[in-house]
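The file work_27.cif comes next; it holds mmCIF, C-alpha atoms.
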data_query
#
loop_
_atom_site.label_atom_id
_atom_site.label_comp_id
_atom_site.auth_asym_id
_atom_site.auth_seq_id
_atom_site.Cartn_x
_atom_site.Cartn_y
_atom_site.Cartn_z
CA MET A 9 11.75 -21.07 8.78
CA GLU A 10 8.00 -21.62 8.64
CA LEU A 11 5.80 -18.61 7.92
CA ARG A 12 3.94 -18.92 11.23
CA GLN A 13 7.20 -19.05 13.20
CA LEU A 14 8.64 -16.05 11.36
CA LEU A 15 5.54 -13.92 11.91
CA GLU A 16 5.18 -14.88 15.56
CA GLY A 17 8.80 -13.81 16.03
CA HIS A 18 7.66 -10.33 15.02
CA GLU A 19 4.54 -10.48 17.22
CA MET A 20 2.21 -11.08 14.27
CA THR A 21 -0.44 -13.75 14.71
CA LEU A 22 -2.70 -15.08 11.95
CA THR A 23 -5.25 -17.88 11.70
CA GLU A 24 -4.46 -21.16 9.95
CA ARG A 25 -6.66 -20.08 7.03
CA GLN A 26 -4.82 -16.76 6.69
CA LEU A 27 -1.43 -18.50 6.79
CA GLN A 28 -2.59 -20.89 4.04
CA GLN A 29 -3.72 -17.94 1.91
CA LEU A 30 -0.34 -16.24 2.31
CA GLU A 31 1.45 -19.50 1.39
CA LEU A 32 -0.64 -19.77 -1.78
CA PHE A 33 0.01 -16.09 -2.53
CA ALA A 34 3.76 -16.82 -2.30
CA ASP A 35 3.33 -19.81 -4.66
CA LEU A 36 1.52 -17.65 -7.22
CA LEU A 37 4.07 -14.85 -6.92
CA ILE A 38 6.95 -17.22 -7.61
CA GLU A 39 5.08 -18.96 -10.47
CA TRP A 40 3.97 -15.78 -12.22
CA ASN A 41 7.30 -14.05 -11.72
CA GLY A 42 8.64 -16.56 -14.25
CA LYS A 43 6.25 -15.10 -16.85
CA PHE A 44 6.93 -11.41 -16.26
CA ASN A 45 8.63 -9.26 -13.64
CA LEU A 46 6.43 -8.84 -10.57
CA THR A 47 9.08 -8.52 -7.89
CA ALA A 48 12.84 -8.64 -7.47
CA ILE A 49 12.27 -10.67 -4.30
CA THR A 50 11.82 -14.27 -5.43
CA GLN A 51 13.12 -16.46 -2.59
CA ARG A 52 10.33 -17.79 -0.37
CA GLN A 53 11.92 -16.76 2.93
CA GLU A 54 12.56 -13.27 1.60
CA ILE A 55 8.94 -13.04 0.39
CA TYR A 56 7.80 -13.97 3.90
CA LEU A 57 9.95 -11.31 5.55
CA LYS A 58 10.33 -8.47 3.04
CA HIS A 59 6.81 -8.61 1.62
CA PHE A 60 4.46 -10.31 4.08
CA ALA A 61 5.88 -9.26 7.47
CA ASP A 62 6.65 -5.81 6.09
CA CYS A 63 3.05 -5.26 4.96
CA LEU A 64 1.60 -6.72 8.16
CA LEU A 65 3.25 -3.86 10.06
CA LEU A 66 0.34 -1.72 8.86
CA ASN A 67 -2.03 -3.69 11.08
CA ARG A 68 -0.62 -1.63 13.95
CA TYR A 69 -2.52 1.36 12.55
CA PRO A 70 -6.30 1.95 12.38
CA LEU A 71 -7.35 1.00 8.83
CA GLY A 72 -11.07 1.82 9.05
CA ASN A 73 -13.54 0.04 6.78
CA SER A 74 -12.28 0.95 3.30
CA LEU A 75 -8.78 1.08 1.86
CA VAL A 76 -7.28 1.91 -1.51
CA ASP A 77 -3.70 0.91 -2.35
CA VAL A 78 -2.10 3.26 -4.88
CA GLY A 79 0.34 1.61 -7.30
CA THR A 80 -0.23 -1.80 -5.72
CA GLY A 81 2.07 -3.66 -8.13
CA ALA A 82 1.93 -7.35 -7.19
CA GLY A 83 -0.55 -6.58 -4.40
CA PHE A 84 1.56 -5.06 -1.65
CA PRO A 85 0.37 -4.16 0.89
CA ALA A 86 -3.25 -4.57 -0.31
CA ILE A 87 -3.60 -8.36 -0.57
CA VAL A 88 -1.69 -9.02 2.66
CA LEU A 89 -3.94 -6.52 4.48
CA LYS A 90 -7.07 -8.08 2.97
CA ILE A 91 -6.02 -11.56 4.07
CA SER A 92 -5.34 -10.37 7.61
CA ASN A 93 -8.49 -8.16 7.72
CA PRO A 94 -11.23 -10.15 5.92
CA ASP A 95 -13.93 -7.51 6.48
CA LEU A 96 -11.84 -4.65 5.05
CA GLN A 97 -13.07 -3.33 1.69
CA VAL A 98 -9.98 -3.06 -0.52
CA THR A 99 -9.33 -1.42 -3.89
CA MET A 100 -6.02 -1.94 -5.70
CA LEU A 101 -5.01 0.71 -8.24
CA GLU A 102 -2.48 -0.46 -10.81
CA PRO A 103 -1.85 1.00 -14.31
CA ASN A 104 0.04 -2.09 -15.56
CA ASN A 105 -2.44 -4.45 -17.25
CA LYS A 106 -0.27 -7.58 -16.81
CA LYS A 107 -0.15 -7.00 -13.07
CA ILE A 108 -3.94 -6.56 -13.03
CA THR A 109 -4.25 -10.00 -14.65
CA PHE A 110 -2.06 -11.44 -11.90
CA LEU A 111 -4.02 -9.67 -9.14
CA ASN A 112 -7.34 -10.99 -10.46
CA GLU A 113 -5.89 -14.52 -10.50
CA VAL A 114 -4.80 -14.09 -6.87
CA ILE A 115 -8.29 -12.89 -5.89
CA ILE A 116 -9.85 -15.97 -7.49
CA ARG A 117 -7.33 -18.53 -6.20
CA LEU A 118 -7.33 -17.17 -2.64
CA GLU A 119 -11.15 -16.93 -2.70
CA LEU A 120 -11.11 -13.31 -1.58
CA SER A 121 -14.21 -11.12 -1.58
CA GLY A 122 -14.60 -7.39 -0.98
CA ILE A 123 -11.48 -6.62 -3.00
CA GLU A 124 -11.03 -5.38 -6.57
CA ALA A 125 -8.14 -4.63 -8.92
CA VAL A 126 -8.64 -1.47 -10.96
CA ASN A 127 -6.54 -0.81 -14.07
CA GLN A 128 -6.33 2.95 -13.63
CA ARG A 129 -3.95 5.68 -12.50
CA SER A 130 -4.80 7.22 -9.14
CA GLU A 131 -5.11 10.76 -10.52
CA ASP A 132 -7.80 9.56 -12.94
CA TYR A 133 -9.53 7.33 -10.39
CA ALA A 134 -9.71 10.23 -7.93
CA GLN A 135 -12.04 12.18 -10.22
CA SER A 136 -14.92 9.83 -9.43
CA HIS A 137 -13.80 8.63 -5.97
CA TYR A 138 -12.74 11.88 -4.33
CA GLU A 139 -12.24 11.55 -0.56
CA GLY A 140 -13.92 8.14 -0.72
CA PHE A 141 -11.67 6.02 1.53
CA ASP A 142 -10.86 5.69 5.21
CA THR A 143 -7.26 4.74 4.44
CA VAL A 144 -4.89 5.09 1.49
CA THR A 145 -1.67 3.09 1.36
CA SER A 146 1.29 3.15 -0.97
CA ARG A 147 4.59 1.28 -0.98
CA ALA A 148 7.65 1.95 -3.14
CA VAL A 149 5.84 4.06 -5.74
CA ALA A 150 7.28 7.61 -5.75
CA SER A 151 8.86 10.29 -3.57
CA LEU A 152 6.54 11.50 -0.83
CA ASN A 153 6.04 14.99 -2.30
CA ILE A 154 4.69 13.36 -5.49
CA LEU A 155 2.92 10.53 -3.68
CA SER A 156 1.02 12.92 -1.38
CA GLU A 157 -0.74 14.52 -4.34
CA LEU A 158 -1.64 11.10 -5.74
CA CYS A 159 -2.97 9.76 -2.43
CA LEU A 160 -4.41 12.49 -0.19
CA PRO A 161 -7.26 13.46 -2.55
CA LEU A 162 -8.59 9.90 -2.12
CA VAL A 163 -8.62 10.09 1.71
CA ARG A 164 -11.81 11.16 3.49
CA VAL A 165 -11.50 13.98 6.03
CA GLY A 166 -10.31 12.35 9.25
CA GLY A 167 -8.89 9.37 7.36
CA HIS A 168 -5.26 8.34 7.02
CA PHE A 169 -2.60 8.10 4.33
CA LEU A 170 -0.01 5.47 5.32
CA ALA A 171 3.18 5.83 3.31
CA MET A 172 5.62 2.92 3.49
CA LYS A 173 9.17 4.13 3.03
CA GLY A 174 12.78 3.04 3.30
CA PRO A 175 15.64 4.86 5.03
CA ARG A 176 15.19 7.99 2.87
CA GLY A 177 11.69 8.51 4.24
CA SER A 178 12.71 11.19 6.75
CA GLU A 179 14.42 13.21 4.03
CA GLU A 180 11.40 12.84 1.74
CA LEU A 181 9.16 14.03 4.56
CA GLN A 182 11.11 17.27 4.86
CA GLU A 183 10.77 17.80 1.10
CA SER A 184 6.99 17.26 1.39
CA GLU A 185 6.12 19.95 3.92
CA ASN A 186 4.63 22.30 1.32
CA ALA A 187 2.68 19.52 -0.43
CA LEU A 188 1.15 18.29 2.81
CA LYS A 189 0.15 21.83 3.78
CA LYS A 190 -1.56 22.47 0.43
CA LEU A 191 -3.33 19.09 0.47
CA ASN A 192 -4.43 19.43 4.13
CA GLY A 193 -2.44 16.48 5.40
CA ARG A 194 -0.86 16.47 8.86
CA VAL A 195 1.82 14.02 10.00
CA VAL A 196 0.74 12.28 13.20
CA ALA A 197 3.48 9.63 13.40
CA VAL A 198 6.75 8.59 11.80
CA ASP A 199 7.55 5.09 13.00
CA SER A 200 10.76 3.19 12.39
CA HIS A 201 10.58 -0.60 12.10
CA GLN A 202 13.43 -3.09 11.81
CA LEU A 203 12.63 -6.49 10.30
CA ASP A 204 16.10 -7.20 8.95
CA GLU A 205 19.16 -5.07 8.20
CA GLN A 206 17.11 -2.36 6.47
CA GLN A 207 15.20 0.35 8.28
CA ARG A 208 11.54 0.80 7.34
CA LEU A 209 9.55 3.94 7.99
CA ILE A 210 5.78 4.19 8.11
CA ILE A 211 4.58 7.77 7.84
CA ASP A 212 1.05 8.23 9.16
CA ILE A 213 -0.65 11.31 7.71
CA VAL A 214 -4.17 12.32 8.72
CA LYS A 215 -6.43 14.36 6.41
CA ASN A 216 -7.56 17.30 8.55
CA ALA A 217 -9.66 19.22 5.99
CA PRO A 218 -10.96 18.72 2.43
CA THR A 219 -8.37 18.81 -0.35
CA ASP A 220 -8.75 21.48 -3.02
CA ARG A 221 -10.40 19.95 -6.10
CA ARG A 222 -7.56 21.24 -8.27
CA TYR A 223 -5.60 18.23 -7.05
CA PRO A 224 -4.44 15.80 -8.19
CA ARG A 225 -3.11 17.33 -11.39
CA ASN A 226 -2.15 15.04 -14.27
CA TYR A 227 0.95 12.99 -13.59
CA SER A 228 3.25 14.84 -15.98
CA GLN A 229 2.53 18.08 -14.11
CA ILE A 230 2.96 16.45 -10.72
CA LYS A 231 6.31 14.96 -11.68
CA LYS A 232 7.58 18.09 -13.46
CA LYS A 233 6.62 20.45 -10.64
CA PRO A 234 5.90 18.73 -7.32
CA LEU A 235 4.03 20.85 -4.79
#
Show this structure as structure tokens.
Amino acid sequence: MELRQLLEGHEMTLTERQLQQLELFADLLIEWNGKFNLTAITQRQEIYLKHFADCLLLNRYPLGNSLVDVGTGAGFPAIVLKISNPDLQVTMLEPNNKKITFLNEVIIRLELSGIEAVNQRSEDYAQSHYEGFDTVTSRAVASLNILSELCLPLVRVGGHFLAMKGPRGSEELQESENALKKLNGRVVAVDSHQLDEQQRLIIDIVKNAPTDRRYPRNYSQIKKKPL
């Protein structure tokens, strides 16, 4: 199935230029995945559905003007959101240097501007970019109680943290009540989406007051003793 046809089947419409950029992104993902592991999803049709359509679900939420993607990996959802929102200012945080090399190649080949790949952990990056973004996204990085401490300090007051989760998302949300309270995050929506046989949850958390500057702690502390 063609990419356009697949996306239109899920009520997602892109320009010809945007579709071409996604096609080239898929080419690069498949090519570079032969050099080192970027994704377990390597079939083109699966990339279209499980990466591209999945990430495009976030366009149903207000993204603001600036977005940081924590633990972006091979660029999901950041690059897909940048392609579909050309004016959005995007920062991709990724501690793996090989993946940063790949992301920079994608930026060049897709001729993207207003997007950067930063080789840094979010807890370190937050020290100089505290509450600096309208939206923070993260997909398949950590449990929500850990992820909240990595992401919410980067969100401006009134901005949103969009956590992309699988079927366990509801359970993780219950485990995160204390963390969200301490970090001044409030859940405004938990939306279930079905693209294939697997349920996807998008948890929309708004930042309703400044986060205490004690957070985020270093990662070893966060992992050892989640809030």
Problem set entry | the PyMOL selection byres ((chain A and resi 32-38) around 10) applied to the shown file, residues as a PyMOL selection string | chain A and resi 26-31+39-43+45-47+49-53+55-56+59-60+82-83+87-88+110-111+113-115+117-118
Cut-off 12 Å: closest segment 148-189 of chain A/segment 91-107 of chain A atom pairs per residue, using only C-alpha atoms, as a Markdown table:
| residue | atom | partner | partner_atom | distance |
| --- | --- | --- | --- | --- |
| A:Val149 | CA | A:Glu102 | CA | 10.7 |
| A:Leu158 | CA | A:Leu101 | CA | 11.2 |
| A:Cys159 | CA | A:Leu101 | CA | 10.9 |
| A:Leu162 | CA | A:Thr99 | CA | 11.5 |
For this session: Enumerate, as a ChimeraX atom specification, the residues matched when the PyMOL selection byres ((chain A and resi 135-142) around 12) is run on the file above.
Result: /A:69-78,96-99,128-134,143-145,158-170,191,213-226
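Reported to one decimal place, the separation of atom CA of Ser146 of chain A from atom CA of Cys63 of chain A is 10.4 Å.
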Exercise. How far is it from atom CA of Leu188 of chain A to atom CA of Thr80 of chain A, in Å with one decimal?
Worked result: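 Atom CA of Leu188 of chain A sits 21.9 Å away from atom CA of Thr80 of chain A.
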For this session: May I have the residues within 10 Å of Leu15 of chain A as an MDAnalysis selection string, using all atoms listed in the file and disregarding those fewer than 3 positions away in the same chain?
Result: chainID A and resid 9:12 18:22 27 56:57 60:61 64
Centre and edge lengths of an axis-aligned box around all listed atoms of segment 189-206 of chain A, with 4 Å added on each side, are to be given in Å to one decimal, as AutoDock Vina command-line options.
--center_x 7.4 --center_y 7.6 --center_z 6.9 --size_x 31.6 --size_y 37.7 --size_z 21.0
When you look at Glu183 of chain A with a cut-off of 12 Å (counting all atoms listed in the file), what residues show up, excluding the ones that are within fewer than 6 positions of it in the same chain? I need them as a tab-separated table (two decimals) with C-alpha atoms, in the coordinates of the input.
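Output contents, as saved in result_13.tsv:
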chain	number	residue	atom	x	y	z
A	151	SER	CA	8.86	10.29	-3.57
A	152	LEU	CA	6.54	11.50	-0.83
A	153	ASN	CA	6.04	14.99	-2.30
A	154	ILE	CA	4.69	13.36	-5.49
A	155	LEU	CA	2.92	10.53	-3.68
A	156	SER	CA	1.02	12.92	-1.38
A	176	ARG	CA	15.19	7.99	2.87
A	177	GLY	CA	11.69	8.51	4.24
A	189	LYS	CA	0.15	21.83	3.78
A	234	PRO	CA	5.90	18.73	-7.32
A	235	LEU	CA	4.03	20.85	-4.79
Problem set entry | 7 Å contact set for Arg147 of chain A, all atoms listed in the file, chain neighbours under 5 positions out, as a list in words |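 Listing them by chain and then by number gives Ala171, Met172 and Lys173 of chain A.
Residues matched by the PyMOL selection byres ((chain A and resi 195) around 6) in this structure: Arg194, Val196, Ala197, Asp212 and Ile213 of chain A.
Atom to atom, atom CA of Leu89 of chain A and atom CA of Leu65 of chain A stand 9.5 Å apart.
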For this session: Find, counting all atoms listed in the file, the residue in A:Ala150, A:Glu157, A:Glu179, A:Lys58 that gets nearest to Gly193 of chain A.
Result: A:Glu157
Can you fill out segment 209-231 of chain A with N, CA and C atoms and hand it back as a compact mmCIF listing (two decimals), in the frame of the given file?
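Saved result, result_9.txt, follows:
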# COMPACT_ATOMS: atom_id res chain seq x y z
N LEU A 209 10.30 2.86 7.37
CA LEU A 209 9.55 3.94 7.99
C LEU A 209 8.10 3.86 7.53
N ILE A 210 7.19 4.03 8.45
CA ILE A 210 5.78 4.19 8.11
C ILE A 210 5.38 5.59 8.55
N ILE A 211 4.98 6.38 7.58
CA ILE A 211 4.58 7.77 7.84
C ILE A 211 3.06 7.83 7.84
N ASP A 212 2.50 8.18 8.97
CA ASP A 212 1.05 8.23 9.16
C ASP A 212 0.59 9.69 9.04
N ILE A 213 -0.19 9.95 8.00
CA ILE A 213 -0.65 11.31 7.71
C ILE A 213 -2.17 11.34 7.77
N VAL A 214 -2.72 12.21 8.60
CA VAL A 214 -4.17 12.32 8.72
C VAL A 214 -4.66 13.47 7.83
N LYS A 215 -5.81 13.30 7.24
CA LYS A 215 -6.43 14.36 6.41
C LYS A 215 -7.28 15.22 7.35
N ASN A 216 -6.87 16.48 7.55
CA ASN A 216 -7.56 17.30 8.55
C ASN A 216 -8.56 18.29 7.98
N ALA A 217 -8.67 18.35 6.65
CA ALA A 217 -9.66 19.22 5.99
C ALA A 217 -9.76 18.77 4.54
N PRO A 218 -10.84 19.13 3.83
CA PRO A 218 -10.96 18.72 2.43
C PRO A 218 -9.79 19.22 1.58
N THR A 219 -9.42 18.43 0.60
CA THR A 219 -8.37 18.81 -0.35
C THR A 219 -8.99 19.61 -1.48
N ASP A 220 -8.29 20.66 -1.90
CA ASP A 220 -8.75 21.48 -3.02
C ASP A 220 -8.95 20.59 -4.25
N ARG A 221 -10.05 20.79 -4.94
CA ARG A 221 -10.40 19.95 -6.10
C ARG A 221 -9.46 20.13 -7.29
N ARG A 222 -8.57 21.09 -7.21
CA ARG A 222 -7.56 21.24 -8.27
C ARG A 222 -6.58 20.07 -8.28
N TYR A 223 -6.54 19.34 -7.19
CA TYR A 223 -5.60 18.23 -7.05
C TYR A 223 -6.36 16.90 -7.03
N PRO A 224 -5.78 15.85 -7.60
CA PRO A 224 -4.44 15.80 -8.19
C PRO A 224 -4.43 16.33 -9.63
N ARG A 225 -3.32 16.94 -10.00
CA ARG A 225 -3.11 17.33 -11.39
C ARG A 225 -2.75 16.08 -12.20
N ASN A 226 -2.57 16.24 -13.51
CA ASN A 226 -2.15 15.04 -14.27
C ASN A 226 -0.69 14.72 -13.91
N TYR A 227 -0.32 13.46 -14.13
CA TYR A 227 0.95 12.99 -13.59
C TYR A 227 2.16 13.74 -14.14
N SER A 228 2.11 14.12 -15.40
CA SER A 228 3.25 14.84 -15.98
C SER A 228 3.49 16.16 -15.25
N GLN A 229 2.40 16.83 -14.87
CA GLN A 229 2.53 18.08 -14.11
C GLN A 229 3.05 17.82 -12.70
N ILE A 230 2.52 16.78 -12.07
CA ILE A 230 2.96 16.45 -10.72
C ILE A 230 4.46 16.16 -10.69
N LYS A 231 4.90 15.37 -11.65
CA LYS A 231 6.31 14.96 -11.68
C LYS A 231 7.22 16.12 -12.06
